[in-house]
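K.L.:
Got a structure here, written out as structure tokens. Questions coming.
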Amino acid sequence: MITLGIDTSNYTTSCALYDSESGSIIQKKKLLPVKSGEKGLRQSDAVFHHTQQLHILLNELFDEFEGEIDAIGVSSRPRDVEGSYMPCFTVGVNTARSIASVIKKTIYEFSHQSGHIASAAYSADRLDLLNDEFIAFHVSGGTTEGLLVSPDYNKIISERIITETADINCGQAIDRCGVMLGLDFPCGPALEMLAESSANRIKPMISFKDGKCNLSGLENKCMDLLNSGAAHSDIALYCLNSVCETISAMTDYCLKECGNLSVLYAGGVMGNKIIKKMLSERFNSLFAEPAFSSDNAAGIAILTYLKVKNNA
């Protein structure tokens with residue numbers, strides 16, 4: 001079976017084909033352009049750029065594919081909760097509906113978050129996790145959550161929040177620190193490179209209580225360090241270490257609340273090598289490769305296959 005997945009998130013346009021027989025994935029994705037010095041995009045701009053990029057990526061995807069698509073999946077909302085909505089996802093949904101009407105195939109809708117989790121499980125070679133309960137972290141610019149994931153016949157998987165941020169997200173803290181240091185948005189990879197040259201480890205800051213973390217203070221502390229003349233590399237490492245300690249505290253909380261379950265880390269922030277190394281040393285955890293950590297449509301294509309299989 002060949003399934004097509006489409007995801008138009010903030011800030012990546014992506015599409016992917018999943019071959020259930022070989023287990024292989026072809027994916028194409030492109031970041032939305034953000035002007036230098038800016039910290040993000042308005043939704044109207046995100047919709048415009050997705051409209052400009054998606055058809056090009058689909059053409060590239062189908063140039064590498066010969067065969068017939070059996071079903072189409074698309075991310076239609078950020079999370080699987082009532083009221084979860086972002087305009088940027090309408091670009092993917094409308095495109096998926098158009099393709100489905102032309103080739104006369106069924107379309108399935110999933111949340112962006114579920115796609116992240118499925119993609120990470122695939123990359124870690126642990127799709128079997130989707131058949132049982134496990135803990136998953138979705139850590140990005142738009143989300144910072146520790147989740148109890150359970151099998152769900154209709155949605156394939158369902159998520160219940162165990163721990164989350166009370167203000168800004170980890171990815172936002174990283175991007176704001178990076179822009180502060182003169183890096184281009186999104187700042188994660190460049191901030192990681194900068195941090196690798198640090199020779200001074202500043203004690204990380206963490207604010208976590210009753211399952212809630214607060215990260216806005218981290219942004220303020222990074223500004224204080226910058227104003228005091230601290231080296232850019234030291235500020236970068238301080239920011240990443242503080243994010244890591246926050247995720248570590250959230251992981252401990254999830255394990256206490258849910259028991260000794262497998263832990264899967266997903267989301268763009270979890271592609272950071274510094275954070276991944278530290279968490280790997282503390283927990284029996286699973287990580288996606290960077291290509292499957294950041295926003296991508298691969299998980300949506302996989303969920304589509306599983307949905308068709310369930311209904312067969």
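Numbering starts fresh at 1 for the residues of each chain in the structure tokens, the chains themselves are lettered A, B, ... in the order given, and ligands are numbered from 1 as they appear.
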Using only C-alpha atoms, which residues sit within 6 Å of segment 99-114 of chain A once same-chain residues fewer than 2 positions away are excluded, as a list in words?
P.N.:
Ala71, Ile72, Gly73, Val74, Ser75, Ser76, Arg77, Pro78, Arg79, Asp80, Ala96, Arg97, His116 and Ile117 of chain A
K.L.:
Could you save those same residues with N, CA and C atoms as a PDB file, in the first residue's frame?
P.N.:
ATOM      1  N   ALA A  71      -4.322   5.912  -0.546  1.00  0.00           N
ATOM      2  CA  ALA A  71      -5.077   6.777   0.361  1.00  0.00           C
ATOM      3  C   ALA A  71      -4.251   8.026   0.657  1.00  0.00           C
ATOM      4  N   ILE A  72      -4.941   9.052   1.134  1.00  0.00           N
ATOM      5  CA  ILE A  72      -4.295  10.338   1.402  1.00  0.00           C
ATOM      6  C   ILE A  72      -4.580  10.757   2.844  1.00  0.00           C
ATOM      7  N   GLY A  73      -3.556  11.223   3.518  1.00  0.00           N
ATOM      8  CA  GLY A  73      -3.704  11.739   4.873  1.00  0.00           C
ATOM      9  C   GLY A  73      -3.192  13.161   4.952  1.00  0.00           C
ATOM     10  N   VAL A  74      -3.754  13.936   5.876  1.00  0.00           N
ATOM     11  CA  VAL A  74      -3.339  15.335   6.013  1.00  0.00           C
ATOM     12  C   VAL A  74      -3.502  15.769   7.470  1.00  0.00           C
ATOM     13  N   SER A  75      -2.608  16.630   7.915  1.00  0.00           N
ATOM     14  CA  SER A  75      -2.773  17.224   9.249  1.00  0.00           C
ATOM     15  C   SER A  75      -3.717  18.410   9.117  1.00  0.00           C
ATOM     16  N   SER A  76      -4.799  18.390   9.894  1.00  0.00           N
ATOM     17  CA  SER A  76      -5.823  19.422   9.778  1.00  0.00           C
ATOM     18  C   SER A  76      -5.895  20.345  10.994  1.00  0.00           C
ATOM     19  N   ARG A  77      -5.098  20.053  12.018  1.00  0.00           N
ATOM     20  CA  ARG A  77      -5.155  20.822  13.257  1.00  0.00           C
ATOM     21  C   ARG A  77      -3.866  20.572  14.039  1.00  0.00           C
ATOM     22  N   PRO A  78      -3.504  21.487  14.921  1.00  0.00           N
ATOM     23  CA  PRO A  78      -2.279  21.284  15.707  1.00  0.00           C
ATOM     24  C   PRO A  78      -2.349  20.079  16.632  1.00  0.00           C
ATOM     25  N   ARG A  79      -3.455  19.965  17.412  1.00  0.00           N
ATOM     26  CA  ARG A  79      -3.581  18.905  18.400  1.00  0.00           C
ATOM     27  C   ARG A  79      -4.978  18.327  18.357  1.00  0.00           C
ATOM     28  N   ASP A  80      -5.147  17.170  18.986  1.00  0.00           N
ATOM     29  CA  ASP A  80      -6.436  16.485  18.987  1.00  0.00           C
ATOM     30  C   ASP A  80      -7.287  16.921  20.166  1.00  0.00           C
ATOM     31  N   ALA A  96      -5.122  18.335  -0.217  1.00  0.00           N
ATOM     32  CA  ALA A  96      -5.407  16.902  -0.082  1.00  0.00           C
ATOM     33  C   ALA A  96      -6.793  16.571  -0.618  1.00  0.00           C
ATOM     34  N   ARG A  97      -7.769  17.418  -0.326  1.00  0.00           N
ATOM     35  CA  ARG A  97      -9.130  17.185  -0.817  1.00  0.00           C
ATOM     36  C   ARG A  97      -9.194  17.267  -2.335  1.00  0.00           C
ATOM     37  N   HIS A 116       3.736  13.944  14.372  1.00  0.00           N
ATOM     38  CA  HIS A 116       5.069  14.036  14.969  1.00  0.00           C
ATOM     39  C   HIS A 116       5.413  12.745  15.715  1.00  0.00           C
ATOM     40  N   ILE A 117       4.482  12.255  16.500  1.00  0.00           N
ATOM     41  CA  ILE A 117       4.734  11.066  17.317  1.00  0.00           C
ATOM     42  C   ILE A 117       4.946   9.836  16.436  1.00  0.00           C
TER      43      ILE A 117
END
K.L.:
Which residues come within 8 Å of Cys15 of chain A, counting only C-alpha atoms, excluding same-chain residues fewer than 2 positions away, as a PyMOL selection string?
P.N.:
chain A and resi 4-7+13+17+27-29+54+57-58+61+296-298
K.L.:
Using backbone DSSP assignments, extract all helix (DSSP H, G or I) residues from segment 99-238 of chain A; output them as a ChimeraX atom specification.
P.N.:
/A:99-103,112-123,127-131,170-180,188-195,216-227,232-238
K.L.:
Write out as a VMD selection string all residues of segment 81-288 of chain A that backbone DSSP assigns to strand (DSSP E or B).
P.N.:
chain A and resid 107 to 111 134 to 139 144 to 152 156 to 165 208 to 209 212 to 213 263 to 266 285 to 287
K.L.:
Return the single residue from A:Gly217, A:Ile302, A:Ala288, A:Lys209 that is closest to Leu130 of chain A, with distances computed using only C-alpha atoms.
P.N.:
A:Ile302
K.L.:
Which residue out of A:Leu129, A:Cys187, A:Ile206, A:Ala16 has the minimum interatomic distance to Leu286 of chain A when only C-alpha atoms are used?
P.N.:
A:Leu129
K.L.:
Any idea what's packed within 6 Å of Gly146 of chain A, counting only C-alpha atoms, ignoring anything in its chain fewer than 3 positions away? Could you give it as an mmCIF file with N, CA and C atoms, in the first residue's frame?
P.N.:
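As a result, part_22.cif now contains:
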data_model
loop_
_atom_site.group_PDB
_atom_site.id
_atom_site.type_symbol
_atom_site.label_atom_id
_atom_site.label_comp_id
_atom_site.auth_asym_id
_atom_site.auth_seq_id
_atom_site.Cartn_x
_atom_site.Cartn_y
_atom_site.Cartn_z
ATOM 1 N N ALA A 136 5.222 10.194 25.349
ATOM 2 C CA ALA A 136 5.819 10.912 24.226
ATOM 3 C C ALA A 136 5.943 12.387 24.586
ATOM 4 N N PHE A 137 7.047 12.975 24.179
ATOM 5 C CA PHE A 137 7.229 14.416 24.333
ATOM 6 C C PHE A 137 7.166 15.063 22.964
ATOM 7 N N ILE A 162 0.182 15.220 30.285
ATOM 8 C CA ILE A 162 0.593 14.956 31.662
ATOM 9 C C ILE A 162 1.338 16.167 32.218
ATOM 10 N N THR A 163 2.174 16.770 31.403
ATOM 11 C CA THR A 163 2.941 17.941 31.816
ATOM 12 C C THR A 163 3.091 18.867 30.621
#
K.L.:
Name the residues in contact with Pro186 of chain A at a cut-off of 9 Å, using only C-alpha atoms, excluding same-chain residues fewer than 5 positions from it; report them as a VMD selection string.
P.N.:
chain A and resid 11 34 39 to 40 171 174 to 175 178 to 179
K.L.:
May I have the residues within 10 Å of Asn272 of chain A as a PyMOL selection string, using only C-alpha atoms and disregarding those fewer than 3 positions away in the same chain?
P.N.:
chain A and resi 188-189+191-193+240+244+268-269+275-277+289-290+293
K.L.:
With the cut-off set at 12 Å and counting only C-alpha atoms, tabulate each residue of segment 33-128 of chain A with an atom at most that distance from an atom of segment 245-263 of chain A, showing the nearest atom pair and its distance in Å to one decimal, ordered by chain and increasing number, as JSON lines.
P.N.:
{"residue": "A:Ile117", "atom": "CA", "partner": "A:Val263", "partner_atom": "CA", "distance": 11.1}
{"residue": "A:Ala120", "atom": "CA", "partner": "A:Val263", "partner_atom": "CA", "distance": 11.1}
{"residue": "A:Ala121", "atom": "CA", "partner": "A:Val263", "partner_atom": "CA", "distance": 10.4}
{"residue": "A:Ala124", "atom": "CA", "partner": "A:Val263", "partner_atom": "CA", "distance": 11.3}
{"residue": "A:Arg126", "atom": "CA", "partner": "A:Ser262", "partner_atom": "CA", "distance": 10.5}
{"residue": "A:Asp128", "atom": "CA", "partner": "A:Ser262", "partner_atom": "CA", "distance": 11.4}
K.L.:
Between atom CA of Gly67 of chain A and atom CA of Asn94 of chain A, what is the distance in Å, rounded to a tenth?
P.N.:
23.0 Å
